[in-house]
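The structure file work25.cif is reproduced below (mmCIF, C-alpha atoms).
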data_coords
loop_
_atom_site.label_atom_id
_atom_site.label_comp_id
_atom_site.auth_asym_id
_atom_site.auth_seq_id
_atom_site.Cartn_x
_atom_site.Cartn_y
_atom_site.Cartn_z
CA MET A 25 31.24 -36.36 -60.78
CA ASN A 26 32.45 -35.53 -64.26
CA SER A 27 36.02 -34.60 -63.48
CA SER A 28 36.66 -36.30 -60.15
CA THR A 29 39.53 -38.33 -61.52
CA MET A 30 41.16 -35.24 -63.00
CA THR A 31 41.08 -32.89 -60.05
CA THR A 32 43.64 -32.44 -57.33
CA THR A 33 42.80 -31.06 -53.92
CA ALA A 34 45.02 -29.23 -51.49
CA ARG A 35 44.76 -32.28 -49.22
CA ASP A 36 46.16 -34.54 -51.98
CA ALA A 37 49.08 -32.17 -52.38
CA ASN A 38 49.71 -32.19 -48.60
CA LEU A 39 48.79 -28.52 -48.19
CA VAL A 40 46.62 -27.00 -45.46
CA LEU A 41 44.46 -23.95 -46.09
CA CYS A 42 44.23 -21.47 -43.19
CA HIS A 43 40.56 -20.81 -42.46
CA ASP A 44 41.22 -17.23 -41.34
CA CYS A 45 43.67 -15.81 -43.88
CA ARG A 46 43.48 -18.48 -46.61
CA LYS A 47 47.20 -19.01 -46.79
CA LEU A 48 48.40 -22.42 -47.97
CA THR A 49 50.99 -24.13 -45.80
CA PRO A 50 52.65 -27.55 -46.21
CA ARG A 51 51.15 -30.08 -43.80
CA GLN A 52 53.26 -31.05 -40.80
CA PRO A 53 54.54 -34.63 -40.69
CA GLU A 54 52.21 -37.00 -38.80
CA ALA A 55 54.78 -37.62 -36.09
CA SER A 56 54.98 -34.07 -34.80
CA THR A 57 52.79 -33.43 -31.80
CA ASP A 58 52.79 -29.62 -31.67
CA GLU A 59 49.83 -27.75 -33.02
CA ALA A 60 50.49 -26.39 -36.47
CA VAL A 61 50.03 -22.62 -36.62
CA CYS A 62 49.56 -20.45 -39.69
CA PRO A 63 52.81 -18.51 -40.28
CA ARG A 64 50.89 -15.47 -41.59
CA CYS A 65 48.07 -14.96 -39.08
CA GLY A 66 48.79 -17.30 -36.15
CA ALA A 67 45.55 -19.31 -36.39
CA THR A 68 45.69 -23.02 -35.54
CA LEU A 69 45.73 -25.00 -38.76
CA HIS A 70 43.29 -27.81 -39.46
CA LEU A 71 42.99 -29.82 -42.62
CA ARG A 72 39.21 -29.68 -42.06
CA LYS A 73 37.26 -27.87 -39.37
CA PRO A 74 37.47 -30.10 -36.25
CA GLY A 75 34.30 -32.04 -35.36
CA SER A 76 32.48 -30.24 -38.14
CA LEU A 77 29.71 -32.76 -38.83
CA ASN A 78 28.88 -33.44 -35.16
CA ARG A 79 28.82 -29.77 -34.22
CA THR A 80 26.71 -28.80 -37.22
CA TRP A 81 24.23 -31.62 -36.53
CA ALA A 82 23.95 -30.55 -32.89
CA LEU A 83 23.34 -26.91 -33.78
CA VAL A 84 20.86 -27.67 -36.57
CA LEU A 85 18.84 -29.96 -34.30
CA THR A 86 18.89 -27.29 -31.57
CA ALA A 87 17.54 -24.79 -34.09
CA LEU A 88 14.89 -27.27 -35.22
CA ILE A 89 13.69 -27.81 -31.64
CA LEU A 90 13.64 -24.06 -30.88
CA THR A 91 11.67 -23.36 -34.06
CA PHE A 92 8.51 -24.81 -32.50
CA PRO A 93 8.22 -22.53 -29.43
CA ALA A 94 9.45 -19.60 -31.57
CA ASN A 95 6.51 -19.98 -33.95
CA ILE A 96 3.76 -21.29 -31.68
CA LEU A 97 4.16 -18.90 -28.72
CA PRO A 98 3.37 -15.18 -29.01
CA ILE A 99 6.32 -12.98 -29.95
CA MET A 100 4.73 -9.56 -29.40
CA ASN A 101 2.19 -8.15 -27.00
CA VAL A 102 0.06 -5.15 -27.95
CA ASN A 103 -1.79 -3.50 -25.09
CA TYR A 104 -4.51 -1.14 -26.28
CA LEU A 105 -6.58 0.65 -23.59
CA GLY A 106 -6.01 -2.14 -21.12
CA ASN A 107 -6.75 -4.99 -23.55
CA ALA A 108 -3.62 -7.06 -24.00
CA GLU A 109 -3.39 -8.89 -27.28
CA ALA A 110 -0.56 -11.35 -27.89
CA SER A 111 0.39 -12.21 -31.45
CA THR A 112 2.63 -14.89 -32.96
CA ILE A 113 4.97 -14.30 -35.91
CA MET A 114 2.32 -15.69 -38.28
CA ASP A 115 -0.41 -13.42 -36.80
CA GLY A 116 1.74 -10.39 -37.62
CA ILE A 117 2.18 -11.53 -41.20
CA ILE A 118 -1.53 -12.29 -41.67
CA TYR A 119 -2.32 -8.83 -40.29
CA PHE A 120 -0.20 -7.19 -43.00
CA PHE A 121 -1.81 -9.24 -45.76
CA GLN A 122 -5.29 -8.35 -44.51
CA GLU A 123 -4.32 -4.68 -44.36
CA GLY A 124 -3.21 -4.91 -47.98
CA SER A 125 0.46 -4.25 -47.23
CA TYR A 126 1.64 -7.21 -49.31
CA GLY A 127 5.19 -5.93 -49.76
CA ILE A 128 5.95 -5.63 -46.07
CA GLY A 129 4.07 -8.89 -45.37
CA MET A 130 6.34 -10.67 -47.84
CA VAL A 131 9.48 -9.13 -46.28
CA ILE A 132 8.54 -10.39 -42.79
CA LEU A 133 7.32 -13.75 -44.10
CA THR A 134 10.66 -14.21 -45.87
CA ALA A 135 12.89 -13.04 -43.01
CA SER A 136 11.06 -14.70 -40.12
CA ILE A 137 9.65 -17.93 -41.55
CA LEU A 138 11.03 -18.83 -44.98
CA VAL A 139 14.69 -18.02 -44.22
CA PRO A 140 14.91 -20.03 -40.95
CA CYS A 141 13.11 -22.99 -42.59
CA PHE A 142 15.39 -22.82 -45.62
CA LYS A 143 18.46 -22.77 -43.38
CA ILE A 144 17.39 -25.77 -41.29
CA ILE A 145 16.10 -27.90 -44.18
CA GLY A 146 19.07 -26.96 -46.38
CA LEU A 147 21.66 -27.87 -43.75
CA ILE A 148 19.93 -31.17 -42.89
CA LEU A 149 19.87 -32.04 -46.60
CA ILE A 150 23.57 -31.25 -47.00
CA LEU A 151 24.48 -33.22 -43.86
CA LEU A 152 22.43 -36.25 -45.00
CA SER A 153 24.00 -36.09 -48.42
CA ILE A 154 27.44 -36.36 -46.81
CA HIS A 155 26.40 -39.31 -44.63
CA PHE A 156 24.88 -41.22 -47.52
CA ARG A 157 27.45 -40.03 -50.08
CA TRP A 158 24.89 -38.70 -52.55
CA ASP A 159 27.20 -37.28 -55.20
CA SER A 160 24.69 -35.69 -57.53
CA TRP A 161 23.69 -32.01 -57.64
CA MET A 162 27.04 -31.07 -56.08
CA ARG A 163 27.16 -27.52 -57.46
CA HIS A 164 23.62 -26.92 -56.26
CA LYS A 165 24.44 -28.12 -52.77
CA ALA A 166 27.47 -25.82 -52.72
CA LEU A 167 25.19 -22.98 -53.82
CA ILE A 168 22.62 -23.81 -51.12
CA PHE A 169 25.35 -23.63 -48.50
CA ARG A 170 26.60 -20.26 -49.76
CA ILE A 171 23.03 -18.92 -49.64
CA ILE A 172 22.61 -20.24 -46.07
CA GLU A 173 25.86 -18.52 -45.05
CA PHE A 174 24.75 -15.25 -46.64
CA ILE A 175 21.17 -15.03 -45.36
CA GLY A 176 21.98 -16.13 -41.79
CA ARG A 177 21.89 -12.70 -40.19
CA TRP A 178 18.76 -11.40 -41.95
CA SER A 179 16.39 -13.36 -39.70
CA MET A 180 17.21 -10.98 -36.84
CA LEU A 181 14.97 -8.43 -38.59
CA ASP A 182 11.87 -9.12 -36.53
CA ILE A 183 13.75 -8.70 -33.25
CA PHE A 184 15.03 -5.27 -34.29
CA VAL A 185 11.51 -4.23 -35.27
CA ILE A 186 10.06 -5.34 -31.92
CA ALA A 187 12.82 -3.55 -29.95
CA LEU A 188 12.14 -0.30 -31.79
CA LEU A 189 8.34 -0.61 -31.54
CA GLN A 190 8.69 -1.22 -27.84
CA VAL A 191 10.28 2.22 -27.42
CA LEU A 192 8.21 4.18 -29.92
CA VAL A 193 4.79 2.75 -29.09
CA ASN A 194 4.92 3.45 -25.40
CA PHE A 195 1.98 5.77 -24.71
CA THR A 196 1.31 4.86 -21.11
CA ASN A 197 -2.38 4.12 -20.37
CA ILE A 198 -3.30 4.13 -24.07
CA THR A 199 -1.18 1.71 -25.99
CA THR A 200 2.10 -0.12 -25.41
CA ILE A 201 3.97 -2.84 -27.27
CA THR A 202 6.27 -5.31 -25.53
CA ALA A 203 8.26 -8.38 -26.58
CA ASP A 204 6.71 -11.69 -25.57
CA ILE A 205 7.82 -15.17 -24.59
CA ALA A 206 8.67 -16.49 -28.09
CA ALA A 207 11.29 -13.81 -28.72
CA PRO A 208 14.19 -15.52 -26.88
CA TYR A 209 13.45 -18.80 -28.69
CA PHE A 210 13.44 -16.95 -31.99
CA VAL A 211 16.84 -15.38 -31.23
CA GLY A 212 18.01 -18.89 -30.30
CA VAL A 213 17.01 -20.21 -33.75
CA VAL A 214 18.88 -17.39 -35.50
CA ILE A 215 22.05 -17.76 -33.44
CA SER A 216 22.21 -21.56 -33.59
CA THR A 217 21.68 -21.63 -37.38
CA MET A 218 24.39 -18.99 -37.82
CA PHE A 219 26.79 -21.06 -35.72
CA ALA A 220 25.78 -24.19 -37.65
CA ALA A 221 26.85 -22.48 -40.88
CA ILE A 222 30.13 -21.40 -39.23
CA THR A 223 31.02 -24.89 -37.93
CA PHE A 224 30.14 -26.63 -41.20
CA ASP A 225 33.05 -27.23 -43.54
CA PRO A 226 31.78 -27.25 -47.16
CA ARG A 227 34.88 -29.15 -48.29
CA LEU A 228 33.42 -32.27 -46.60
CA LEU A 229 30.80 -32.34 -49.38
CA TRP A 230 33.53 -32.89 -51.96
CA ASP A 231 35.78 -35.20 -49.95
CA ALA A 232 33.73 -38.34 -50.52
CA MET B 25 50.85 -37.89 -61.46
CA ALA B 26 49.59 -35.06 -63.55
CA MET B 27 47.72 -32.11 -62.17
CA ASN B 28 45.08 -30.66 -64.39
CA GLN B 29 43.70 -27.31 -63.49
CA THR B 30 40.88 -25.44 -65.03
CA PHE B 31 40.15 -21.82 -64.29
CA SER B 32 37.11 -19.83 -64.94
CA GLU B 33 37.16 -16.08 -64.82
CA GLN B 34 34.64 -13.60 -66.10
CA SER B 35 36.03 -14.42 -69.48
CA THR B 36 36.80 -18.11 -69.30
CA ILE B 37 40.49 -18.74 -68.95
CA LYS B 38 41.70 -22.29 -69.13
CA GLN B 39 45.13 -23.30 -68.04
CA GLN B 40 46.69 -26.66 -67.72
CA THR B 41 49.96 -27.59 -66.14
CA ASP B 42 51.80 -30.78 -65.50
CA SER B 43 53.87 -30.73 -62.37
CA GLY B 44 54.67 -33.16 -59.61
CA PHE B 45 53.60 -32.46 -56.04
CA ASP B 46 57.14 -32.39 -54.75
CA LYS B 47 57.87 -29.38 -56.96
CA LEU B 48 54.74 -27.58 -55.82
CA ASP B 49 55.37 -24.16 -54.29
CA PRO B 50 52.52 -23.19 -51.90
CA SER B 51 52.81 -19.55 -52.98
CA GLN B 52 52.18 -20.48 -56.64
CA VAL B 53 48.90 -22.28 -56.01
CA LEU B 54 45.49 -21.45 -54.64
CA ALA B 55 43.07 -23.74 -52.82
CA CYS B 56 39.31 -23.23 -52.97
CA PRO B 57 37.90 -22.78 -49.44
CA GLY B 58 34.58 -24.23 -50.64
CA CYS B 59 35.81 -27.53 -52.11
CA ASP B 60 39.59 -27.75 -51.53
CA LEU B 61 40.35 -27.82 -55.27
CA LEU B 62 43.94 -26.86 -55.99
CA LEU B 63 44.43 -24.28 -58.70
CA GLU B 64 47.25 -22.31 -60.18
CA ASP B 65 47.39 -18.76 -58.88
CA ILE B 66 46.88 -16.29 -61.73
CA PRO B 67 46.80 -12.49 -61.53
CA VAL B 68 43.32 -10.93 -61.36
CA GLN B 69 42.59 -7.30 -62.14
CA PRO B 70 40.40 -5.17 -59.83
CA GLY B 71 36.79 -5.48 -60.90
CA GLU B 72 37.31 -9.05 -62.11
CA LYS B 73 36.52 -12.17 -60.15
CA LEU B 74 38.24 -15.51 -59.99
CA VAL B 75 35.64 -18.25 -59.56
CA CYS B 76 36.23 -21.89 -58.62
CA PRO B 77 35.46 -24.06 -61.66
CA ARG B 78 34.16 -26.89 -59.47
CA CYS B 79 31.91 -25.24 -56.87
CA ASP B 80 31.56 -21.61 -58.11
CA GLU B 81 32.98 -20.13 -54.89
CA ILE B 82 34.58 -16.70 -55.42
CA LEU B 83 38.32 -17.17 -54.91
CA ARG B 84 39.61 -13.70 -55.56
CA ALA B 85 37.87 -10.37 -56.11
CA PRO B 86 40.47 -7.61 -55.82
CA LYS B 87 39.24 -4.10 -55.13
CA ARG B 88 40.63 -0.80 -56.36
CA ASN B 89 42.37 1.30 -53.66
CA SER B 90 41.13 -1.09 -51.01
CA ILE B 91 43.20 0.38 -48.16
CA ASP B 92 42.35 4.04 -48.89
CA HIS B 93 38.64 3.37 -49.30
CA SER B 94 38.44 1.25 -46.15
CA LEU B 95 40.32 3.89 -44.18
CA GLY B 96 38.06 6.73 -45.32
CA LEU B 97 34.80 4.85 -44.93
CA SER B 98 35.62 3.40 -41.51
CA LEU B 99 36.62 6.85 -40.20
CA THR B 100 33.33 8.31 -41.49
CA GLY B 101 31.48 5.43 -39.89
CA LEU B 102 33.19 6.00 -36.55
CA LEU B 103 32.22 9.69 -36.58
CA LEU B 104 28.59 8.85 -37.39
CA PHE B 105 28.29 5.98 -34.96
CA PRO B 106 27.45 7.82 -31.68
CA TYR B 107 24.83 9.97 -33.46
CA ALA B 108 23.19 6.96 -35.12
CA VAL B 109 22.93 5.03 -31.87
CA PHE B 110 22.26 7.71 -29.25
CA MET B 111 20.27 10.36 -31.19
CA PRO B 112 16.49 9.97 -31.62
CA ILE B 113 15.57 7.98 -34.72
CA MET B 114 12.01 9.22 -35.03
CA THR B 115 9.06 10.67 -33.16
CA LEU B 116 5.60 9.12 -33.23
CA ASP B 117 2.74 11.57 -32.86
CA THR B 118 -0.74 10.24 -32.16
CA MET B 119 -3.70 12.05 -30.59
CA GLY B 120 -1.40 14.79 -29.36
CA LEU B 121 0.90 12.35 -27.59
CA LYS B 122 4.50 12.26 -28.71
CA ASN B 123 7.09 9.57 -28.28
CA THR B 124 10.71 9.58 -29.34
CA GLY B 125 13.18 6.72 -29.37
CA THR B 126 16.83 5.95 -30.04
CA ILE B 127 18.44 2.63 -30.97
CA PHE B 128 19.94 2.51 -27.49
CA ASP B 129 16.55 3.03 -25.80
CA GLY B 130 15.34 -0.09 -27.62
CA ILE B 131 18.04 -2.15 -25.92
CA ILE B 132 17.42 -0.59 -22.50
CA SER B 133 13.67 -1.17 -22.64
CA THR B 134 14.19 -4.80 -23.72
CA TRP B 135 16.43 -5.22 -20.66
CA HIS B 136 13.78 -3.68 -18.42
CA THR B 137 11.03 -5.98 -19.68
CA GLY B 138 13.15 -8.88 -18.46
CA TYR B 139 14.30 -10.36 -21.78
CA PHE B 140 17.98 -10.31 -20.93
CA THR B 141 19.07 -12.70 -23.68
CA ILE B 142 17.46 -10.50 -26.32
CA ALA B 143 18.93 -7.35 -24.79
CA ILE B 144 22.39 -8.94 -24.89
CA ALA B 145 21.90 -10.14 -28.49
CA LEU B 146 20.76 -6.63 -29.45
CA VAL B 147 23.62 -4.84 -27.73
CA LEU B 148 26.14 -7.16 -29.41
CA THR B 149 24.71 -7.11 -32.93
CA SER B 150 23.79 -3.44 -33.07
CA VAL B 151 26.43 -1.70 -30.92
CA VAL B 152 29.42 -3.82 -29.86
CA PHE B 153 30.21 -5.73 -33.07
CA PRO B 154 29.50 -2.91 -35.57
CA LEU B 155 31.61 -0.48 -33.51
CA THR B 156 34.44 -3.01 -33.03
CA LYS B 157 34.42 -3.73 -36.76
CA LEU B 158 34.72 -0.04 -37.65
CA CYS B 159 37.53 0.46 -35.10
CA LEU B 160 39.43 -2.59 -36.38
CA VAL B 161 39.10 -1.62 -40.05
CA PHE B 162 40.20 1.94 -39.23
CA TRP B 163 43.18 0.84 -37.16
CA ILE B 164 44.34 -1.87 -39.58
CA SER B 165 44.00 0.24 -42.72
CA LEU B 166 45.70 3.20 -41.03
CA HIS B 167 48.69 1.00 -40.23
CA LEU B 168 48.76 -0.55 -43.69
CA LYS B 169 48.54 2.91 -45.26
CA PHE B 170 51.71 3.99 -43.44
CA LYS B 171 53.29 0.55 -43.80
CA ARG B 172 53.78 0.04 -40.09
CA ILE B 173 52.90 -3.47 -39.06
CA PRO B 174 52.85 -4.07 -35.30
CA ASN B 175 52.85 -7.65 -34.06
CA TYR B 176 49.22 -7.57 -32.98
CA LEU B 177 47.90 -6.60 -36.44
CA PRO B 178 47.35 -10.20 -37.70
CA LYS B 179 45.39 -10.93 -34.51
CA MET B 180 43.21 -7.85 -35.10
CA MET B 181 42.58 -8.88 -38.70
CA ARG B 182 41.50 -12.35 -37.53
CA ILE B 183 39.08 -10.85 -35.01
CA TYR B 184 37.63 -8.69 -37.79
CA ILE B 185 37.07 -11.73 -40.03
CA GLN B 186 35.45 -13.68 -37.20
CA ILE B 187 33.01 -10.98 -36.07
CA ASP B 188 32.24 -9.68 -39.56
CA GLU B 189 28.83 -11.30 -39.97
CA TRP B 190 27.71 -10.55 -36.38
CA GLY B 191 27.56 -6.80 -36.90
CA MET B 192 24.04 -6.31 -38.26
CA THR B 193 23.73 -2.63 -39.17
CA GLU B 194 22.10 -3.38 -42.56
CA VAL B 195 19.56 -5.73 -41.02
CA GLN B 196 18.70 -3.07 -38.47
CA MET B 197 18.21 -0.48 -41.23
CA ILE B 198 15.58 -2.73 -42.84
CA GLY B 199 14.11 -3.14 -39.33
CA ILE B 200 13.71 0.63 -39.04
CA LEU B 201 12.03 0.78 -42.46
CA VAL B 202 9.64 -2.05 -41.51
CA THR B 203 8.78 -0.16 -38.30
CA ILE B 204 7.98 2.97 -40.30
CA ILE B 205 5.70 1.11 -42.70
CA LYS B 206 4.07 -0.65 -39.76
CA MET B 207 3.31 2.61 -37.93
CA HIS B 208 2.69 5.16 -40.67
CA HIS B 209 -1.10 4.89 -40.75
CA MET B 210 -1.50 4.75 -36.98
CA ALA B 211 0.52 7.82 -36.12
CA SER B 212 2.31 10.64 -37.88
CA ILE B 213 6.04 10.07 -37.98
CA HIS B 214 8.69 12.77 -37.71
CA TYR B 215 12.19 11.74 -38.66
CA ASN B 216 14.94 12.93 -36.35
CA VAL B 217 18.71 13.36 -36.66
CA GLY B 218 19.40 9.76 -35.65
CA PHE B 219 17.44 8.43 -38.63
CA PHE B 220 19.60 10.23 -41.20
CA CYS B 221 22.79 9.40 -39.29
CA PHE B 222 21.75 5.75 -39.23
CA ILE B 223 21.22 5.70 -43.02
CA ALA B 224 24.67 7.25 -43.48
CA LEU B 225 26.21 4.81 -40.99
CA MET B 226 24.65 1.87 -42.81
CA ALA B 227 25.99 3.16 -46.16
CA THR B 228 29.54 3.60 -44.80
CA THR B 229 29.51 0.23 -43.02
CA VAL B 230 28.39 -1.60 -46.17
CA GLY B 231 30.85 0.47 -48.20
CA SER B 232 33.78 -0.37 -45.96
CA SER B 233 32.91 -4.09 -46.04
CA LEU B 234 32.66 -4.01 -49.84
CA SER B 235 35.88 -2.07 -50.35
CA LEU B 236 37.95 -4.21 -47.98
CA SER B 237 39.87 -6.89 -49.83
CA GLU B 238 40.87 -9.46 -47.21
CA GLU B 239 43.40 -10.98 -49.58
CA GLU B 240 45.16 -7.66 -50.14
CA PHE B 241 45.13 -6.82 -46.43
CA TRP B 242 46.73 -10.16 -45.55
CA GLU B 243 49.34 -9.78 -48.27
CA GLU B 244 50.23 -6.29 -47.07
CA ILE B 245 50.48 -7.51 -43.47
CA GLU B 246 52.72 -10.39 -44.52
CA ALA B 247 54.92 -8.18 -46.73
CA GLY B 248 55.21 -5.55 -43.99
CA ARG B 249 56.25 -8.11 -41.37
CA ALA B 250 58.76 -9.76 -43.70
CA SER B 251 60.48 -6.47 -44.53
CA ARG B 252 61.10 -5.55 -40.93
#
This structure in structure tokens:
Amino acid sequence: MNSSTMTTTARDANLVLCHDCRKLTPRQPEASTDEAVCPRCGATLHLRKPGSLNRTWALVLTALILTFPANILPIMNVNYLGNAEASTIMDGIIYFFQEGSYGIGMVILTASILVPCFKIIGLILILLSIHFRWDSWMRHKALIFRIIEFIGRWSMLDIFVIALLQVLVNFTNITTITADIAAPYFVGVVISTMFAAITFDPRLLWDA
Amino acid sequence: MAMNQTFSEQSTIKQQTDSGFDKLDPSQVLACPGCDLLLEDIPVQPGEKLVCPRCDEILRAPKRNSIDHSLGLSLTGLLLFPYAVFMPIMTLDTMGLKNTGTIFDGIISTWHTGYFTIAIALVLTSVVFPLTKLCLVFWISLHLKFKRIPNYLPKMMRIYIQIDEWGMTEVQMIGILVTIIKMHHMASIHYNVGFFCFIALMATTVGSSLSLSEEEFWEEIEAGRASR
């Protein structure tokens, strides 16, 4: 990169940044065996998050595997006068577009399909770029990671909607809505991508 | 070895210093959590942001009256919380049949349909974590306000930072709005007390997150413990 020879990192200066309170502490000499602890907040200090790449890979791949059942199996079951009709995430979105509610269709499409895909593809790209030391587009990769961190929680939207519908649309013998088999897989995707973003240390991008 | 540092602020500030590592004082420098770049610590006014020149991560964004605002908003949030979760959100009325639901009913009915993992995820993200967050912010800012720093305060602050993103009140608010749009042409919807309390709760939760400056809280905790 343009200024790589000019910049100094905390690691070069033998300083460790606390990941909880962001205090800088001088690194302990190699010989000492005790765990270094942040003097301000008591968190264990690590120069980089331990096992970051392995853990992030494991969680991203878990999310990728869970994505298939989450999208293929039905997530919601609408029972109208005894006729049960199961619908997948995509069915729900198509329904809104056919109804002409494009706004709400876009919101659910973004939260339930685009955001999880973006998170998984984005993290895999960042991880590969570390393995193969691709050092171009660094600022963009940093930006992608910040977006992934920020949007993580918004995919839970569909689950909240189903939980509320389940209570409100509960007219026994006429119509009821219940969650269906894909819902736990979907929650699994959201949780594992959120943990993947937590275990990933963005400083590894710049270390190489 | 020379250390060259570049800073960007809202108005671009550039500073350069030459100093050896041995003379480096950890309290005079700042490391970017996004890329580990070492920078000289410069004062930032509330409303301004200090941005990393290499990776654009926000390094400092001080808030005005952070402790007072967090204290007030978290207390308001705590008072609203039981009403938002346990009072009916809305009533659906179709063909003379009425149905009312609360946030908590949603969790219970998910449990009863047998989706335990979802029920647990819901109870954590919509009740346990948001409530714990509000309690922690209230307790920490109350202590900082009166400059009493018990030994467990740093631990509490760390818990707050770790559970921050798992409290999903804002996401749930959008979920309620999506539900309304989904149902409004199938049934007539009456909004109940819980709905308005939930909007207020969401506003105070977001407000208390925005007004809380982690940097300032940590500095106050450290200063308070050092002075004892």
Quiz item: What is the distance, in Å and to one decimal place, between atom CA of Leu63 of chain B and atom CA of Glu173 of chain A?
Solution: 23.8 Å
Quiz item: Taking (47.6, -9.2, -48.0) in the file's coordinates as the center, which residues reach within 12 Å of it, counting all atoms listed in the file, put as number ranges by chain?
Solution: A: 45-47, 64-65; B: 84, 86, 90-91, 164-165, 168, 173, 177-178, 181, 236-250
Self-check item: Between atom CA of Lys171 of chain B and atom CA of Asp49 of chain B - distance in Å to one decimal
Solution: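 Rounded to one decimal, the two atoms are 26.9 Å apart.
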Quiz item: So what do you get for atom CA of His93 of chain B versus atom CA of Ser150 of chain B, distance-wise?
Solution: 23.0 Å
Practice problem: Check what the PyMOL selection byres ((chain A) within 8 of (chain B)) selects in the file above and give those residues as a PyMOL selection string. | Solution: chain A and resi 30-35+37+39+41+43-46+48-50+64-66+128+162-163+166-167+177-178+180-182+184-185+187-195+202-203+207-208+211+225-231
Self-check item: Contacts of Asp159 of chain A at 10 Å (only C-alpha atoms; same-chain gap of 5+ positions) as a list in words
Solution: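 The filter keeps Met25, Ser153, Ile154, Lys165, Leu229, Trp230 and Ala232 of chain A.
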Self-check item: Test item: residues at most 8 Å from Asp204 of chain A, only C-alpha atoms, excluding those fewer than 5 positions along its chain, as a PyMOL selection string
Solution: chain A and resi 98-101+110
Exercise. Give as a ChimeraX atom specification the residues that the PyMOL selection byres ((chain A and resi 140-150) around 9) matches when applied to the coordinates above.
Key: /A:80-81,84-85,87-88,91,134-139,151-155,165-166,168-169,171-173,175-176,179,213-214,217-218,220-221,224,229
Export of prior selection with C-alpha atoms as a PDB file, in the frame of the given file:
ATOM      1  CA  THR A  80      26.710 -28.800 -37.220  1.00  0.00           C
ATOM      2  CA  TRP A  81      24.230 -31.620 -36.530  1.00  0.00           C
ATOM      3  CA  VAL A  84      20.860 -27.670 -36.570  1.00  0.00           C
ATOM      4  CA  LEU A  85      18.840 -29.960 -34.300  1.00  0.00           C
ATOM      5  CA  ALA A  87      17.540 -24.790 -34.090  1.00  0.00           C
ATOM      6  CA  LEU A  88      14.890 -27.270 -35.220  1.00  0.00           C
ATOM      7  CA  THR A  91      11.670 -23.360 -34.060  1.00  0.00           C
ATOM      8  CA  THR A 134      10.660 -14.210 -45.870  1.00  0.00           C
ATOM      9  CA  ALA A 135      12.890 -13.040 -43.010  1.00  0.00           C
ATOM     10  CA  SER A 136      11.060 -14.700 -40.120  1.00  0.00           C
ATOM     11  CA  ILE A 137       9.650 -17.930 -41.550  1.00  0.00           C
ATOM     12  CA  LEU A 138      11.030 -18.830 -44.980  1.00  0.00           C
ATOM     13  CA  VAL A 139      14.690 -18.020 -44.220  1.00  0.00           C
ATOM     14  CA  LEU A 151      24.480 -33.220 -43.860  1.00  0.00           C
ATOM     15  CA  LEU A 152      22.430 -36.250 -45.000  1.00  0.00           C
ATOM     16  CA  SER A 153      24.000 -36.090 -48.420  1.00  0.00           C
ATOM     17  CA  ILE A 154      27.440 -36.360 -46.810  1.00  0.00           C
ATOM     18  CA  HIS A 155      26.400 -39.310 -44.630  1.00  0.00           C
ATOM     19  CA  LYS A 165      24.440 -28.120 -52.770  1.00  0.00           C
ATOM     20  CA  ALA A 166      27.470 -25.820 -52.720  1.00  0.00           C
ATOM     21  CA  ILE A 168      22.620 -23.810 -51.120  1.00  0.00           C
ATOM     22  CA  PHE A 169      25.350 -23.630 -48.500  1.00  0.00           C
ATOM     23  CA  ILE A 171      23.030 -18.920 -49.640  1.00  0.00           C
ATOM     24  CA  ILE A 172      22.610 -20.240 -46.070  1.00  0.00           C
ATOM     25  CA  GLU A 173      25.860 -18.520 -45.050  1.00  0.00           C
ATOM     26  CA  ILE A 175      21.170 -15.030 -45.360  1.00  0.00           C
ATOM     27  CA  GLY A 176      21.980 -16.130 -41.790  1.00  0.00           C
ATOM     28  CA  SER A 179      16.390 -13.360 -39.700  1.00  0.00           C
ATOM     29  CA  VAL A 213      17.010 -20.210 -33.750  1.00  0.00           C
ATOM     30  CA  VAL A 214      18.880 -17.390 -35.500  1.00  0.00           C
ATOM     31  CA  THR A 217      21.680 -21.630 -37.380  1.00  0.00           C
ATOM     32  CA  MET A 218      24.390 -18.990 -37.820  1.00  0.00           C
ATOM     33  CA  ALA A 220      25.780 -24.190 -37.650  1.00  0.00           C
ATOM     34  CA  ALA A 221      26.850 -22.480 -40.880  1.00  0.00           C
ATOM     35  CA  PHE A 224      30.140 -26.630 -41.200  1.00  0.00           C
ATOM     36  CA  LEU A 229      30.800 -32.340 -49.380  1.00  0.00           C
TER      37      LEU A 229
END
Self-check item: Using all atoms listed in the file: which of B:Trp163, B:Lys157, B:Asn175, B:Leu104 has the shortest distance to Cys221 of chain B
Solution: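 The answer is B:Leu104, which sits nearest to Cys221 of chain B.
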List every residue of segment 101-189 of chain B that has an atom at most 12 Å from any atom of segment 226-229 of chain B, giving for each one its closest atom pair and the distance in Å to one decimal, counting all atoms listed in the file, sorted by chain and then by ascending residue number, as a tab-separated table.
residue	atom	partner	partner_atom	distance
B:Gly101	CA	B:Thr228	CA	5.6
B:Leu102	CA	B:Thr228	CA	9.3
B:Leu103	CA	B:Thr228	CA	10.6
B:Leu104	CA	B:Thr228	CA	9.1
B:Phe105	CA	B:Met226	CA	9.6
B:Ala108	CA	B:Met226	CA	9.3
B:Val109	CA	B:Met226	CA	11.5
B:Ser150	CA	B:Met226	CA	11.1
B:Phe153	CA	B:Thr229	CA	11.6
B:Pro154	CA	B:Thr229	CA	8.1
B:Leu155	CA	B:Thr229	CA	9.8
B:Thr156	CA	B:Thr229	CA	11.6
B:Lys157	CA	B:Thr229	CA	8.9
B:Leu158	CA	B:Thr229	CA	7.5
B:Cys159	CA	B:Thr229	CA	11.3
B:Val161	CA	B:Thr229	CA	10.2
B:Phe162	CA	B:Thr229	CA	11.5
B:Asp188	CA	B:Thr229	CA	10.8
B:Glu189	CA	B:Thr229	CA	11.9
